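Each remark here refers to the structure printed beneath this line.
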Amino acid sequence: MDLSVVKFLAMGIAIGLGVLGPGIGLAMATKAIIESIARQPEVEGQISKYFYIGAGLIEACAIYALLVVILIGFVLK
(Lines give C-alpha, C1' and ligand atoms only; values in the text may rest on other atoms or scores of the structure.)
Protein backbone atom coordinates (compact mmCIF):
# COMPACT_ATOMS: atom_id res chain seq x y z
CA MET A 1 0.00 0.00 0.00
CA ASP A 2 1.26 3.43 -0.91
CA LEU A 3 1.88 5.92 1.91
CA SER A 4 -0.50 8.47 0.41
CA VAL A 5 -3.33 5.93 0.46
CA VAL A 6 -2.63 5.13 4.11
CA LYS A 7 -2.44 8.85 4.89
CA PHE A 8 -5.85 9.57 3.34
CA LEU A 9 -7.34 6.54 5.06
CA ALA A 10 -5.96 7.72 8.41
CA MET A 11 -7.32 11.21 7.79
CA GLY A 12 -10.79 9.85 7.06
CA ILE A 13 -10.84 7.63 10.11
CA ALA A 14 -9.49 10.39 12.36
CA ILE A 15 -12.08 12.98 11.35
CA GLY A 16 -14.88 10.42 11.34
CA LEU A 17 -14.21 9.18 14.84
CA GLY A 18 -13.09 12.58 16.08
CA VAL A 19 -16.38 14.24 15.16
CA LEU A 20 -18.61 11.34 16.18
CA GLY A 21 -18.23 11.90 19.93
CA PRO A 22 -18.75 15.66 19.93
CA GLY A 23 -21.70 15.28 17.56
CA ILE A 24 -23.44 12.83 19.85
CA GLY A 25 -22.57 14.93 22.91
CA LEU A 26 -23.93 18.12 21.36
CA ALA A 27 -27.12 16.35 20.32
CA MET A 28 -27.64 15.01 23.84
CA ALA A 29 -26.98 18.43 25.37
CA THR A 30 -29.40 20.12 22.96
CA LYS A 31 -32.06 17.53 23.74
CA ALA A 32 -31.60 18.09 27.47
CA ILE A 33 -31.82 21.88 27.25
CA ILE A 34 -34.95 21.74 25.09
CA GLU A 35 -36.61 19.35 27.55
CA SER A 36 -35.65 21.48 30.55
CA ILE A 37 -36.91 24.69 28.94
CA ALA A 38 -40.14 22.94 27.99
CA ARG A 39 -40.65 21.96 31.63
CA GLN A 40 -39.67 25.33 33.14
CA PRO A 41 -39.69 28.17 30.58
CA GLU A 42 -38.73 30.78 33.19
CA VAL A 43 -35.20 29.38 33.59
CA GLU A 44 -34.32 29.69 29.91
CA GLY A 45 -31.86 32.55 30.46
CA GLN A 46 -29.99 30.75 33.22
CA ILE A 47 -29.74 27.46 31.35
CA SER A 48 -28.83 28.97 27.99
CA LYS A 49 -25.59 30.59 29.13
CA TYR A 50 -24.31 27.28 30.51
CA PHE A 51 -25.38 25.52 27.33
CA TYR A 52 -23.39 27.94 25.17
CA ILE A 53 -20.27 27.39 27.26
CA GLY A 54 -20.71 23.61 27.10
CA ALA A 55 -21.40 23.66 23.36
CA GLY A 56 -18.24 25.67 22.81
CA LEU A 57 -16.19 23.14 24.74
CA ILE A 58 -17.77 20.28 22.80
CA GLU A 59 -17.00 22.00 19.50
CA ALA A 60 -13.39 22.50 20.65
CA CYS A 61 -13.01 18.71 20.72
CA ALA A 62 -14.15 18.51 17.10
CA ILE A 63 -11.69 21.26 16.17
CA TYR A 64 -8.88 19.27 17.82
CA ALA A 65 -9.83 16.32 15.62
CA LEU A 66 -9.64 18.58 12.58
CA LEU A 67 -6.20 19.73 13.72
CA VAL A 68 -5.03 16.12 13.91
CA VAL A 69 -6.30 15.51 10.38
CA ILE A 70 -4.49 18.59 9.10
CA LEU A 71 -1.30 17.46 10.83
CA ILE A 72 -1.60 14.00 9.29
CA GLY A 73 -2.12 15.56 5.87
CA PHE A 74 0.75 18.02 5.92
CA VAL A 75 3.36 16.59 8.27
CA LEU A 76 3.50 12.95 7.19
CA LYS A 77 5.46 12.51 3.99
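Please note that chains go A, B, ... in the order of the C-alpha coordinates, that every chain numbers its residues from 1, and that ligands are numbered from 1 in the order shown.
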(Q) Just want the 9 Å neighbourhood of Ala60 in chain A, counted on only C-alpha atoms, with same-chain residues fewer than 5 positions away dropped. Output as a ChimeraX atom specification. (A) /A:22,55,65
Q) Which residues, written as an MDAnalysis selection string, have at least one atom at most 9 Å from range 2-4 of chain A, with only C-alpha atoms counted and residues fewer than 2 positions away on the same chain left out? A) chainID A and resid 6:9 76:77
Could you turn the residues from that selection into a file that holds N, CA and C atoms, as a PDB file, in the first residue's frame?
ATOM      1  N   VAL A   6      -2.528   5.322   2.661  1.00  0.00           N
ATOM      2  CA  VAL A   6      -2.627   5.129   4.105  1.00  0.00           C
ATOM      3  C   VAL A   6      -2.892   6.466   4.800  1.00  0.00           C
ATOM      4  N   LYS A   7      -2.257   7.523   4.308  1.00  0.00           N
ATOM      5  CA  LYS A   7      -2.439   8.847   4.890  1.00  0.00           C
ATOM      6  C   LYS A   7      -3.889   9.304   4.735  1.00  0.00           C
ATOM      7  N   PHE A   8      -4.458   9.156   3.545  1.00  0.00           N
ATOM      8  CA  PHE A   8      -5.847   9.570   3.340  1.00  0.00           C
ATOM      9  C   PHE A   8      -6.813   8.694   4.129  1.00  0.00           C
ATOM     10  N   LEU A   9      -6.508   7.425   4.255  1.00  0.00           N
ATOM     11  CA  LEU A   9      -7.344   6.535   5.062  1.00  0.00           C
ATOM     12  C   LEU A   9      -7.289   6.950   6.530  1.00  0.00           C
ATOM     13  N   LEU A  76       3.023  14.245   7.659  1.00  0.00           N
ATOM     14  CA  LEU A  76       3.502  12.950   7.187  1.00  0.00           C
ATOM     15  C   LEU A  76       3.879  13.028   5.710  1.00  0.00           C
ATOM     16  N   LYS A  77       5.014  12.468   5.391  1.00  0.00           N
ATOM     17  CA  LYS A  77       5.462  12.511   3.989  1.00  0.00           C
ATOM     18  C   LYS A  77       5.630  11.127   3.453  1.00  0.00           C
TER      19      LYS A  77
END
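Picture a line from CA of Val19 in chain A to CA of Ala62 in chain A; it runs 5.2 Å.
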Q. Of the candidates A:Gly18, A:Pro41, A:Gly12, A:Gly73, which shows the shortest atom-to-atom distance to Ile58 in chain A, using only C-alpha atoms?
A. A:Gly18
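Note that the spacing between CA of Met28 in chain A and CA of Tyr64 in chain A amounts to 20.2 Å.
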Q: Excluding Ile33 in chain A and any residue of its chain fewer than 2 positions from it, enumerate the residues within 8 Å of it, using only C-alpha atoms, and give them as number ranges by chain.
A: A: 29-31, 35-37, 47-48, 51
Q | Between CA of Gln46 in chain A and CA of Leu26 in chain A, distance in Å (one decimal) | A | 18.4 Å
**Q.** Nearest-residue call for Val69 in chain A, choices A:Met11, A:Ala32, A:Ile53, A:Leu20, using only C-alpha atoms
**A.**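 Once distances to Val69 in chain A are computed over only C-alpha atoms, the minimum belongs to A:Met11.
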Q) Which residue, A:Leu17, A:Ala27, A:Ala10, A:Val75, has the smallest gap to Gly54 in chain A when you use only C-alpha atoms? A) A:Ala27
